[in-house]
file entry04.pdb (PDB, C-alpha atoms, pLDDT in the B column)
ATOM      1  CA  MET V 153      -2.035 -22.855 -13.901  1.00 65.00           C
ATOM      2  CA  ASP V 154      -4.156 -22.061 -16.982  1.00 71.00           C
ATOM      3  CA  ASP V 155      -3.161 -19.019 -19.053  1.00 81.00           C
ATOM      4  CA  PRO V 156      -5.711 -16.170 -18.776  1.00 86.00           C
ATOM      5  CA  THR V 157      -7.544 -15.194 -21.952  1.00 89.00           C
ATOM      6  CA  ALA V 158      -7.108 -11.813 -23.664  1.00 92.00           C
ATOM      7  CA  THR V 159     -10.371 -10.625 -22.092  1.00 93.00           C
ATOM      8  CA  VAL V 160      -9.234 -11.630 -18.621  1.00 94.00           C
ATOM      9  CA  LEU V 161      -5.875  -9.911 -19.180  1.00 95.00           C
ATOM     10  CA  ALA V 162      -7.678  -6.716 -20.229  1.00 95.00           C
ATOM     11  CA  LEU V 163      -9.846  -6.822 -17.104  1.00 95.00           C
ATOM     12  CA  LEU V 164      -6.772  -7.424 -14.930  1.00 96.00           C
ATOM     13  CA  GLY V 165      -5.182  -4.409 -16.596  1.00 96.00           C
ATOM     14  CA  LEU V 166      -8.187  -2.243 -15.684  1.00 96.00           C
ATOM     15  CA  ALA V 167      -7.992  -3.463 -12.088  1.00 94.00           C
ATOM     16  CA  ALA V 168      -4.281  -2.601 -12.016  1.00 96.00           C
ATOM     17  CA  LEU V 169      -5.012   0.878 -13.393  1.00 96.00           C
ATOM     18  CA  ALA V 170      -7.518   1.565 -10.615  1.00 94.00           C
ATOM     19  CA  ALA V 171      -5.191   0.017  -8.020  1.00 92.00           C
ATOM     20  CA  GLY V 172      -2.310   2.212  -9.161  1.00 94.00           C
ATOM     21  CA  PHE V 173      -4.395   5.372  -8.745  1.00 95.00           C
ATOM     22  CA  VAL V 174      -5.687   4.414  -5.287  1.00 92.00           C
ATOM     23  CA  ASP V 175      -2.262   3.242  -4.174  1.00 90.00           C
ATOM     24  CA  ALA V 176      -0.610   6.491  -5.225  1.00 92.00           C
ATOM     25  CA  VAL V 177      -3.064   8.657  -3.298  1.00 91.00           C
ATOM     26  CA  VAL V 178      -3.593   6.790  -0.018  1.00 87.00           C
ATOM     27  CA  GLY V 179      -2.330   3.225  -0.487  1.00 85.00           C
ATOM     28  CA  GLY V 180      -4.345   0.025  -0.448  1.00 81.00           C
ATOM     29  CA  GLY V 181      -4.266  -0.789  -4.150  1.00 87.00           C
ATOM     30  CA  GLY V 182      -3.650  -4.416  -3.260  1.00 82.00           C
ATOM     31  CA  LEU V 183      -7.230  -4.648  -2.019  1.00 80.00           C
ATOM     32  CA  ILE V 184      -8.299  -4.052  -5.632  1.00 87.00           C
ATOM     33  CA  GLN V 185      -5.550  -5.956  -7.412  1.00 89.00           C
ATOM     34  CA  LEU V 186      -5.384  -9.129  -5.293  1.00 84.00           C
ATOM     35  CA  PRO V 187      -9.083 -10.052  -5.606  1.00 83.00           C
ATOM     36  CA  ALA V 188      -8.854  -9.387  -9.353  1.00 89.00           C
ATOM     37  CA  LEU V 189      -5.913 -11.774  -9.629  1.00 91.00           C
ATOM     38  CA  LEU V 190      -7.720 -14.406  -7.561  1.00 84.00           C
ATOM     39  CA  LEU V 191     -10.704 -14.207  -9.905  1.00 85.00           C
ATOM     40  CA  GLY V 192      -8.642 -13.976 -13.097  1.00 90.00           C
ATOM     41  CA  MET V 193      -6.223 -16.802 -12.238  1.00 91.00           C
ATOM     42  CA  PRO V 194      -8.302 -19.282 -10.200  1.00 87.00           C
ATOM     43  CA  THR V 195      -5.864 -22.157 -10.738  1.00 88.00           C
ATOM     44  CA  ALA V 196      -2.749 -20.209  -9.687  1.00 88.00           C
ATOM     45  CA  ALA V 197      -1.027 -20.980  -6.398  1.00 85.00           C
ATOM     46  CA  PRO V 198      -1.338 -18.327  -3.644  1.00 81.00           C
ATOM     47  CA  VAL V 199       2.368 -17.532  -3.868  1.00 85.00           C
ATOM     48  CA  GLN V 200       1.987 -16.896  -7.628  1.00 91.00           C
ATOM     49  CA  ILE V 201      -0.842 -14.449  -6.920  1.00 89.00           C
ATOM     50  CA  LEU V 202       1.209 -12.613  -4.295  1.00 86.00           C
ATOM     51  CA  ALA V 203       4.348 -12.515  -6.447  1.00 91.00           C
ATOM     52  CA  THR V 204       2.552 -11.283  -9.573  1.00 95.00           C
ATOM     53  CA  ASN V 205       0.776  -8.628  -7.513  1.00 92.00           C
ATOM     54  CA  LYS V 206       4.127  -7.371  -6.164  1.00 92.00           C
ATOM     55  CA  VAL V 207       5.685  -7.010  -9.605  1.00 96.00           C
ATOM     56  CA  SER V 208       2.677  -5.071 -10.882  1.00 95.00           C
ATOM     57  CA  SER V 209       2.607  -2.920  -7.751  1.00 94.00           C
ATOM     58  CA  ILE V 210       6.272  -1.950  -7.843  1.00 95.00           C
ATOM     59  CA  CYS V 211       5.793  -0.561 -11.351  1.00 95.00           C
ATOM     60  CA  GLY V 212       3.205   1.904 -10.083  1.00 94.00           C
ATOM     61  CA  THR V 213       4.987   2.723  -6.835  1.00 94.00           C
ATOM     62  CA  THR V 214       8.193   3.502  -8.744  1.00 95.00           C
ATOM     63  CA  VAL V 215       6.401   6.189 -10.750  1.00 94.00           C
ATOM     64  CA  SER V 216       4.307   7.569  -7.892  1.00 94.00           C
ATOM     65  CA  ALA V 217       7.250   7.581  -5.453  1.00 94.00           C
ATOM     66  CA  SER V 218       9.434   9.495  -7.911  1.00 94.00           C
ATOM     67  CA  THR V 219       6.614  11.988  -8.569  1.00 93.00           C
ATOM     68  CA  TYR V 220       6.118  12.594  -4.865  1.00 93.00           C
ATOM     69  CA  TYR V 221       9.857  12.897  -4.295  1.00 93.00           C
ATOM     70  CA  ARG V 222      10.254  15.571  -6.967  1.00 92.00           C
ATOM     71  CA  ARG V 223       7.215  17.575  -5.867  1.00 91.00           C
ATOM     72  CA  ILE V 224       7.181  17.147  -2.053  1.00 91.00           C
ATOM     73  CA  ARG V 225      10.876  16.565  -1.232  1.00 90.00           C
ATOM     74  CA  PRO V 226      10.248  14.398   1.869  1.00 90.00           C
ATOM     75  CA  ASP V 227      12.805  14.459   4.685  1.00 87.00           C
ATOM     76  CA  PRO V 228      15.398  11.673   4.137  1.00 90.00           C
ATOM     77  CA  ARG V 229      15.923  11.444   7.909  1.00 86.00           C
ATOM     78  CA  THR V 230      12.495   9.837   8.049  1.00 91.00           C
ATOM     79  CA  PHE V 231      12.008   8.032   4.751  1.00 93.00           C
ATOM     80  CA  LEU V 232      15.453   6.362   4.560  1.00 95.00           C
ATOM     81  CA  PRO V 233      15.187   4.466   7.899  1.00 95.00           C
ATOM     82  CA  LEU V 234      11.507   3.845   7.150  1.00 96.00           C
ATOM     83  CA  MET V 235      12.431   2.293   3.790  1.00 97.00           C
ATOM     84  CA  ALA V 236      15.353   0.278   5.194  1.00 97.00           C
ATOM     85  CA  LEU V 237      13.326  -1.384   7.946  1.00 97.00           C
ATOM     86  CA  ALA V 238      10.310  -1.807   5.672  1.00 96.00           C
ATOM     87  CA  PHE V 239      12.577  -3.684   3.240  1.00 97.00           C
ATOM     88  CA  ILE V 240      13.822  -6.011   5.997  1.00 97.00           C
ATOM     89  CA  GLY V 241      10.338  -6.563   7.387  1.00 95.00           C
ATOM     90  CA  SER V 242       8.891  -7.307   3.959  1.00 93.00           C
ATOM     91  CA  ALA V 243      11.628  -9.819   3.144  1.00 93.00           C
ATOM     92  CA  CYS V 244      10.910 -11.642   6.406  1.00 93.00           C
ATOM     93  CA  GLY V 245       7.170 -11.563   5.737  1.00 89.00           C
ATOM     94  CA  ALA V 246       7.583 -12.864   2.184  1.00 87.00           C
ATOM     95  CA  ALA V 247       9.734 -15.724   3.467  1.00 86.00           C
ATOM     96  CA  VAL V 248       6.827 -17.007   5.575  1.00 84.00           C
ATOM     97  CA  ALA V 249       3.995 -15.929   3.251  1.00 75.00           C
ATOM     98  CA  SER V 250       3.191 -19.435   2.035  1.00 66.00           C
ATOM     99  CA  ARG V 251       2.777 -20.647   5.645  1.00 74.00           C
ATOM    100  CA  ILE V 252       0.227 -18.062   6.768  1.00 66.00           C
ATOM    101  CA  PRO V 253      -3.446 -18.679   5.906  1.00 65.00           C
ATOM    102  CA  ARG V 254      -5.266 -15.635   4.536  1.00 56.00           C
ATOM    103  CA  ASP V 255      -8.238 -16.327   6.819  1.00 64.00           C
ATOM    104  CA  ALA V 256      -6.062 -15.547   9.827  1.00 64.00           C
ATOM    105  CA  PHE V 257      -5.412 -12.026   8.588  1.00 61.00           C
ATOM    106  CA  GLU V 258      -8.809 -10.807   7.426  1.00 68.00           C
ATOM    107  CA  PRO V 259     -10.510 -10.303  10.843  1.00 79.00           C
ATOM    108  CA  ILE V 260      -7.406  -8.481  12.132  1.00 73.00           C
ATOM    109  CA  VAL V 261      -7.223  -6.248   9.051  1.00 73.00           C
ATOM    110  CA  LEU V 262     -10.949  -5.507   9.341  1.00 80.00           C
ATOM    111  CA  VAL V 263     -10.674  -4.377  12.971  1.00 82.00           C
ATOM    112  CA  ALA V 264      -7.601  -2.286  12.161  1.00 79.00           C
ATOM    113  CA  LEU V 265      -9.366  -0.567   9.249  1.00 82.00           C
ATOM    114  CA  VAL V 266     -12.448   0.216  11.369  1.00 87.00           C
ATOM    115  CA  VAL V 267     -10.277   1.780  14.091  1.00 84.00           C
ATOM    116  CA  VAL V 268      -8.210   3.723  11.541  1.00 84.00           C
ATOM    117  CA  GLY V 269     -11.261   5.008   9.646  1.00 85.00           C
ATOM    118  CA  ALA V 270     -13.146   6.022  12.797  1.00 88.00           C
ATOM    119  CA  TYR V 271     -10.105   7.793  14.252  1.00 86.00           C
ATOM    120  CA  VAL V 272      -9.532   9.862  11.110  1.00 85.00           C
ATOM    121  CA  LEU V 273     -13.251  10.613  10.689  1.00 85.00           C
ATOM    122  CA  LEU V 274     -13.676  11.798  14.290  1.00 85.00           C
ATOM    123  CA  LYS V 275     -10.576  14.003  14.186  1.00 85.00           C
ATOM    124  CA  PRO V 276     -11.165  16.397  11.279  1.00 84.00           C
ATOM    125  CA  GLN V 277      -8.002  18.403  12.012  1.00 84.00           C
ATOM    126  CA  LEU V 278      -5.794  15.313  11.926  1.00 84.00           C
ATOM    127  CA  GLY V 279      -3.171  15.451   9.190  1.00 84.00           C
ATOM    128  CA  GLU V 280      -3.981  18.965   7.953  1.00 86.00           C
ATOM    129  CA  LEU V 281      -0.529  20.225   8.907  1.00 88.00           C
ATOM    130  CA  THR V 282       2.737  18.551   9.870  1.00 89.00           C
ATOM    131  CA  ALA V 283       3.273  18.733  13.642  1.00 91.00           C
ATOM    132  CA  LEU V 284       5.873  16.117  14.528  1.00 91.00           C
ATOM    133  CA  ARG V 285       5.319  14.345  17.848  1.00 91.00           C
ATOM    134  CA  PHE V 286       8.862  13.030  18.222  1.00 92.00           C
ATOM    135  CA  GLN V 287      12.317  14.508  17.760  1.00 91.00           C
ATOM    136  CA  GLY V 288      15.824  13.092  17.418  1.00 91.00           C
ATOM    137  CA  HIS V 289      16.329   9.425  18.171  1.00 93.00           C
ATOM    138  CA  ARG V 290      12.681   8.936  19.208  1.00 94.00           C
ATOM    139  CA  HIS V 291      11.574  10.058  15.754  1.00 94.00           C
ATOM    140  CA  LEU V 292      14.079   7.668  14.179  1.00 94.00           C
ATOM    141  CA  LEU V 293      12.903   4.758  16.342  1.00 95.00           C
ATOM    142  CA  ALA V 294       9.250   5.460  15.506  1.00 95.00           C
ATOM    143  CA  ALA V 295      10.049   5.470  11.786  1.00 95.00           C
ATOM    144  CA  MET V 296      12.031   2.224  12.059  1.00 96.00           C
ATOM    145  CA  ALA V 297       9.341   0.447  14.107  1.00 96.00           C
ATOM    146  CA  THR V 298       6.681   1.546  11.611  1.00 96.00           C
ATOM    147  CA  GLY V 299       8.727   0.292   8.676  1.00 96.00           C
ATOM    148  CA  LEU V 300       9.517  -3.079  10.263  1.00 96.00           C
ATOM    149  CA  ALA V 301       5.982  -3.909  11.431  1.00 95.00           C
ATOM    150  CA  ILE V 302       4.077  -2.789   8.341  1.00 95.00           C
ATOM    151  CA  GLY V 303       6.815  -4.124   6.067  1.00 95.00           C
ATOM    152  CA  PHE V 304       6.418  -7.602   7.556  1.00 93.00           C
ATOM    153  CA  TYR V 305       2.669  -7.467   6.999  1.00 89.00           C
ATOM    154  CA  ASP V 306       3.158  -6.363   3.395  1.00 88.00           C
ATOM    155  CA  GLY V 307       5.557  -9.189   2.618  1.00 85.00           C
ATOM    156  CA  ALA V 308       3.296 -11.787   4.207  1.00 82.00           C
ATOM    157  CA  LEU V 309       0.010 -10.625   2.653  1.00 74.00           C
ATOM    158  CA  GLY V 310      -0.117  -6.922   1.825  1.00 74.00           C
ATOM    159  CA  PRO V 311      -3.661  -5.558   1.281  1.00 73.00           C
ATOM    160  CA  GLY V 312      -4.033  -2.108   2.819  1.00 79.00           C
ATOM    161  CA  THR V 313      -0.311  -1.663   3.466  1.00 87.00           C
ATOM    162  CA  GLY V 314      -0.106   1.823   2.003  1.00 87.00           C
ATOM    163  CA  SER V 315      -3.125   2.973   4.017  1.00 87.00           C
ATOM    164  CA  PHE V 316      -1.548   1.652   7.208  1.00 90.00           C
ATOM    165  CA  PHE V 317       1.685   3.478   6.375  1.00 94.00           C
ATOM    166  CA  VAL V 318      -0.225   6.725   5.763  1.00 92.00           C
ATOM    167  CA  PHE V 319      -2.274   6.439   8.942  1.00 91.00           C
ATOM    168  CA  THR V 320       0.719   5.599  11.138  1.00 94.00           C
ATOM    169  CA  LEU V 321       2.780   8.454   9.742  1.00 95.00           C
ATOM    170  CA  VAL V 322      -0.134  10.842  10.349  1.00 94.00           C
ATOM    171  CA  GLY V 323      -1.555   9.505  13.617  1.00 91.00           C
ATOM    172  CA  LEU V 324       1.639   8.379  15.353  1.00 92.00           C
ATOM    173  CA  MET V 325       4.332  10.647  13.949  1.00 94.00           C
ATOM    174  CA  GLY V 326       2.363  13.794  13.166  1.00 93.00           C
ATOM    175  CA  TYR V 327       2.826  14.272   9.408  1.00 94.00           C
ATOM    176  CA  SER V 328       0.223  15.852   7.144  1.00 93.00           C
ATOM    177  CA  PHE V 329      -1.674  13.483   4.876  1.00 92.00           C
ATOM    178  CA  LEU V 330       0.191  14.700   1.796  1.00 92.00           C
ATOM    179  CA  GLU V 331       3.651  14.280   3.336  1.00 93.00           C
ATOM    180  CA  ALA V 332       2.631  10.926   4.782  1.00 93.00           C
ATOM    181  CA  SER V 333       1.507   9.749   1.341  1.00 92.00           C
ATOM    182  CA  ALA V 334       4.882  10.712  -0.123  1.00 93.00           C
ATOM    183  CA  LYS V 335       6.791   8.743   2.506  1.00 95.00           C
ATOM    184  CA  ALA V 336       4.351   5.837   2.305  1.00 93.00           C
ATOM    185  CA  ARG V 337       5.017   5.484  -1.438  1.00 94.00           C
ATOM    186  CA  LEU V 338       8.760   5.313  -0.846  1.00 95.00           C
ATOM    187  CA  ALA V 339       8.361   2.750   1.925  1.00 96.00           C
ATOM    188  CA  ASN V 340       5.912   0.713  -0.150  1.00 93.00           C
ATOM    189  CA  TRP V 341       8.402   0.659  -3.023  1.00 95.00           C
ATOM    190  CA  ALA V 342      10.964  -0.873  -0.658  1.00 96.00           C
ATOM    191  CA  THR V 343       8.531  -3.516   0.628  1.00 94.00           C
ATOM    192  CA  ASN V 344       7.557  -4.487  -2.921  1.00 92.00           C
ATOM    193  CA  LEU V 345      11.203  -4.813  -3.966  1.00 95.00           C
ATOM    194  CA  ALA V 346      12.071  -6.987  -0.981  1.00 94.00           C
ATOM    195  CA  ALA V 347       9.137  -9.323  -1.613  1.00 91.00           C
ATOM    196  CA  ILE V 348      10.036  -9.643  -5.311  1.00 94.00           C
ATOM    197  CA  LEU V 349      13.626 -10.554  -4.437  1.00 94.00           C
ATOM    198  CA  VAL V 350      12.232 -13.413  -2.339  1.00 90.00           C
ATOM    199  CA  PHE V 351       9.488 -14.534  -4.749  1.00 90.00           C
ATOM    200  CA  ALA V 352      11.252 -14.233  -8.127  1.00 93.00           C
ATOM    201  CA  PRO V 353      14.008 -16.847  -7.498  1.00 93.00           C
ATOM    202  CA  GLN V 354      11.236 -19.305  -6.599  1.00 90.00           C
ATOM    203  CA  GLY V 355       9.751 -18.869 -10.089  1.00 93.00           C
ATOM    204  CA  ALA V 356       6.531 -17.609  -8.526  1.00 92.00           C
ATOM    205  CA  VAL V 357       5.969 -14.570 -10.779  1.00 94.00           C
ATOM    206  CA  VAL V 358       3.583 -15.041 -13.728  1.00 95.00           C
ATOM    207  CA  TRP V 359       5.518 -12.615 -15.912  1.00 95.00           C
ATOM    208  CA  HIS V 360       3.196 -12.110 -18.884  1.00 94.00           C
ATOM    209  CA  VAL V 361       0.381 -11.146 -16.516  1.00 96.00           C
ATOM    210  CA  ALA V 362       2.682  -9.035 -14.341  1.00 96.00           C
ATOM    211  CA  VAL V 363       3.957  -7.036 -17.341  1.00 96.00           C
ATOM    212  CA  VAL V 364       0.450  -6.162 -18.583  1.00 96.00           C
ATOM    213  CA  MET V 365      -0.757  -5.215 -15.113  1.00 97.00           C
ATOM    214  CA  GLY V 366       2.470  -3.367 -14.365  1.00 97.00           C
ATOM    215  CA  ALA V 367       2.074  -1.113 -17.405  1.00 97.00           C
ATOM    216  CA  CYS V 368      -1.474  -0.217 -16.340  1.00 97.00           C
ATOM    217  CA  ASN V 369      -0.370   0.270 -12.743  1.00 97.00           C
ATOM    218  CA  VAL V 370       2.268   2.776 -13.919  1.00 96.00           C
ATOM    219  CA  LEU V 371      -0.396   4.917 -15.580  1.00 96.00           C
ATOM    220  CA  GLY V 372      -2.655   4.763 -12.533  1.00 96.00           C
ATOM    221  CA  GLY V 373       0.225   5.578 -10.202  1.00 95.00           C
ATOM    222  CA  TYR V 374       1.322   8.574 -12.265  1.00 95.00           C
ATOM    223  CA  VAL V 375      -2.174  10.070 -12.467  1.00 96.00           C
ATOM    224  CA  GLY V 376      -2.859   9.364  -8.784  1.00 94.00           C
ATOM    225  CA  ALA V 377       0.355  10.953  -7.521  1.00 94.00           C
ATOM    226  CA  ARG V 378      -0.085  14.090  -9.622  1.00 94.00           C
ATOM    227  CA  THR V 379      -3.729  14.386  -8.558  1.00 95.00           C
ATOM    228  CA  ALA V 380      -2.808  14.108  -4.870  1.00 93.00           C
ATOM    229  CA  VAL V 381       0.002  16.676  -5.139  1.00 92.00           C
ATOM    230  CA  ASN V 382      -2.157  19.136  -7.080  1.00 94.00           C
ATOM    231  CA  ARG V 383      -5.267  18.746  -4.895  1.00 93.00           C
ATOM    232  CA  GLY V 384      -3.387  18.802  -1.566  1.00 91.00           C
ATOM    233  CA  THR V 385      -3.916  17.422   1.933  1.00 90.00           C
ATOM    234  CA  ARG V 386      -7.697  17.892   2.135  1.00 89.00           C
ATOM    235  CA  PHE V 387      -8.254  15.783  -0.988  1.00 92.00           C
ATOM    236  CA  VAL V 388      -5.960  13.034   0.316  1.00 91.00           C
ATOM    237  CA  ARG V 389      -7.788  12.968   3.673  1.00 90.00           C
ATOM    238  CA  ILE V 390     -11.231  12.679   2.063  1.00 91.00           C
ATOM    239  CA  PHE V 391      -9.998  10.064  -0.395  1.00 91.00           C
ATOM    240  CA  PHE V 392      -8.436   8.142   2.507  1.00 89.00           C
ATOM    241  CA  ILE V 393     -11.771   7.994   4.363  1.00 90.00           C
ATOM    242  CA  VAL V 394     -13.664   6.889   1.237  1.00 90.00           C
ATOM    243  CA  VAL V 395     -11.134   4.171   0.376  1.00 87.00           C
ATOM    244  CA  VAL V 396     -10.886   2.825   3.931  1.00 86.00           C
ATOM    245  CA  SER V 397     -14.706   2.715   4.146  1.00 89.00           C
ATOM    246  CA  ALA V 398     -14.883   0.738   0.894  1.00 87.00           C
ATOM    247  CA  PHE V 399     -12.244  -1.681   2.165  1.00 83.00           C
ATOM    248  CA  ILE V 400     -14.174  -2.165   5.420  1.00 87.00           C
ATOM    249  CA  VAL V 401     -17.294  -3.092   3.450  1.00 88.00           C
ATOM    250  CA  ARG V 402     -15.417  -5.504   1.181  1.00 82.00           C
ATOM    251  CA  ILE V 403     -13.373  -7.276   3.872  1.00 80.00           C
ATOM    252  CA  GLY V 404     -16.285  -7.206   6.327  1.00 85.00           C
ATOM    253  CA  GLY V 405     -18.454  -8.927   3.746  1.00 85.00           C
ATOM    254  CA  GLU V 406     -15.832 -11.647   3.306  1.00 79.00           C
ATOM    255  CA  VAL V 407     -15.438 -12.186   7.056  1.00 78.00           C
ATOM    256  CA  LEU V 408     -19.237 -12.426   7.472  1.00 83.00           C
ATOM    257  CA  GLY V 409     -19.580 -14.651   4.402  1.00 82.00           C
ATOM    258  CA  LEU V 410     -21.744 -12.185   2.479  1.00 81.00           C
ATOM    259  CA  TRP V 411     -19.732 -12.396  -0.750  1.00 72.00           C
ATOM    260  CA  SER V 412     -19.179 -16.145  -0.835  1.00 60.00           C
TER     261      SER V 412
END
call {"tool": "encode", "arguments": {"input": "entry04.pdb", "output": "structure tokens"}}
result
Amino acid sequence: MDDPTATVLALLGLAALAAGFVDAVVGGGGLIQLPALLLGMPTAAPVQILATNKVSSICGTTVSASTYYRRIRPDPRTFLPLMALAFIGSACGAAVASRIPRDAFEPIVLVALVVVGAYVLLKPQLGELTALRFQGHRHLLAAMATGLAIGFYDGALGPGTGSFFVFTLVGLMGYSFLEASAKARLANWATNLAAILVFAPQGAVVWHVAVVMGACNVLGGYVGARTAVNRGTRFVRIFFIVVVSAFIVRIGGEVLGLWS
């Protein structure tokens, strides 16, 4: 692949900054970062794009996850099994990432985002307070199933992963948006790590790009996490709806061929 110019690197850094902020609040930073990498490194192989994106992303999720953990103190009985199965799922997804065409995912992701956005929009009380729907082993199984399924998707492709984590933790398990965001960051950190452990030995990471984007992603993740914690659940819910709507427009335009 051709090395990106200083201007392209600067633009990729700005994209990573925005992605880090969005990812820290509601997830989905990959839907900003991946298109930027595709435009900035047009001659790179798909696996190089995915691997570089993961290294940049884990920088931001490390900061945002630690910020959430200190301020929210999420229940380890949920986030530890969620992280463990997300790690396994992501490693499996990353192992088959090069065999799955992106075109196969986009219509599915679009439908999922429309359903998720409509459900949250039509249920204004959803996620305001934590009201767990499962207890004991059923709660554990729900957390594990969530981690495994979304983790696999993240390893294989990834855009929107954090948003899917947040929605599932709110809609299926009954957490508030703020608590769900905290757990989603921890789970997303695990999925990023697993994918990197698969991609890095293959030499797929473009390190000089990943380092620049990672530094910007850290700043975005730090600001995003602190903003979400300080503003509370209502802010996270509104931000979630806005971000999901923007993703629907962008992916919908690609599926319909409007942006090509």
call {"tool": "resolve_selection", "arguments": {"input": "entry04.pdb", "expression": "the PyMOL selection byres ((chain V and resi 185) around 8)", "output": "PyMOL selection string"}}
result
chain V and resi 164+167-168+171+181-184+186-189+205
call {"tool": "closest_residue", "arguments": {"input": "entry04.pdb", "among": "V:Arg383, V:Arg251, V:Arg337, V:Arg389", "to": "Val322 in chain V", "atoms": "only C-alpha atoms"}}
result
V:Arg389
call {"tool": "closest_residue", "arguments": {"input": "entry04.pdb", "among": "V:Gln354, V:Ser216, V:Thr159, V:Thr230", "to": "Gly288 in chain V", "atoms": "only C-alpha atoms"}}
result
V:Thr230
call {"tool": "closest_residue", "arguments": {"input": "entry04.pdb", "among": "V:Ala334, V:Ile403, V:Val394, V:Val248", "to": "Arg223 in chain V", "atoms": "all atoms listed in the file"}}
result
V:Ala334
call {"tool": "atom_distance", "arguments": {"input": "entry04.pdb", "atom1": "CA of Val363 in chain V", "atom2": "CA of Ala162 in chain V"}}
result
12.0 Å
call {"tool": "axis_aligned_box", "arguments": {"input": "entry04.pdb", "around": "range 322-331 of chain V", "padding_each_side": "3 Å", "output": "JSON"}}
result
{"center_x": 1.3, "center_y": 12.1, "center_z": 8.6, "size_x": 12.0, "size_y": 13.5, "size_z": 19.6}
call {"tool": "residues_near_point", "arguments": {"input": "entry04.pdb", "point": "(0.8, -0.7, -17.8)", "cutoff": "9 Å", "atoms": "all atoms listed in the file", "output": "PyMOL selection string"}}
result
chain V and resi 165+168-169+208+211-212+363-372
call {"tool": "decode", "arguments": {"input": "entry04.pdb", "residues": "range 283-295 of chain V", "atoms": "N, CA, C and O atoms", "output": "compact mmCIF listing (two decimals), in the first residue's frame"}}
result
# COMPACT_ATOMS: atom_id res chain seq x y z
N ALA V 283 -33.70 -1.39 35.62
CA ALA V 283 -34.73 -2.30 36.12
C ALA V 283 -34.47 -3.65 35.48
O ALA V 283 -35.00 -3.96 34.40
N LEU V 284 -33.60 -4.44 36.10
CA LEU V 284 -33.13 -5.68 35.50
C LEU V 284 -34.27 -6.65 35.23
O LEU V 284 -35.14 -6.85 36.07
N ARG V 285 -34.25 -7.26 34.04
CA ARG V 285 -35.31 -8.19 33.65
C ARG V 285 -34.98 -9.64 34.00
O ARG V 285 -35.86 -10.49 33.94
N PHE V 286 -33.73 -9.92 34.30
CA PHE V 286 -33.33 -11.28 34.64
C PHE V 286 -32.55 -11.27 35.95
O PHE V 286 -31.92 -10.28 36.30
N GLN V 287 -32.58 -12.40 36.64
CA GLN V 287 -31.82 -12.55 37.87
C GLN V 287 -31.04 -13.86 37.83
O GLN V 287 -31.37 -14.77 37.06
N GLY V 288 -30.01 -13.96 38.64
CA GLY V 288 -29.27 -15.21 38.78
C GLY V 288 -28.67 -15.71 37.50
O GLY V 288 -28.08 -14.95 36.71
N HIS V 289 -28.85 -17.01 37.24
CA HIS V 289 -28.20 -17.63 36.08
C HIS V 289 -28.78 -17.13 34.77
O HIS V 289 -28.10 -17.11 33.74
N ARG V 290 -30.04 -16.68 34.76
CA ARG V 290 -30.63 -16.15 33.53
C ARG V 290 -29.96 -14.83 33.14
O ARG V 290 -29.74 -14.56 31.95
N HIS V 291 -29.65 -14.03 34.14
CA HIS V 291 -28.92 -12.78 33.88
C HIS V 291 -27.53 -13.08 33.32
O HIS V 291 -27.08 -12.44 32.36
N LEU V 292 -26.87 -14.06 33.91
CA LEU V 292 -25.54 -14.46 33.45
C LEU V 292 -25.59 -14.96 32.00
O LEU V 292 -24.75 -14.59 31.17
N LEU V 293 -26.57 -15.80 31.70
CA LEU V 293 -26.69 -16.34 30.34
C LEU V 293 -26.98 -15.24 29.32
O LEU V 293 -26.45 -15.27 28.21
N ALA V 294 -27.82 -14.27 29.71
CA ALA V 294 -28.12 -13.17 28.80
C ALA V 294 -26.88 -12.34 28.51
O ALA V 294 -26.63 -11.94 27.37
N ALA V 295 -26.07 -12.09 29.55
CA ALA V 295 -24.84 -11.34 29.37
C ALA V 295 -23.86 -12.10 28.47
O ALA V 295 -23.21 -11.51 27.59
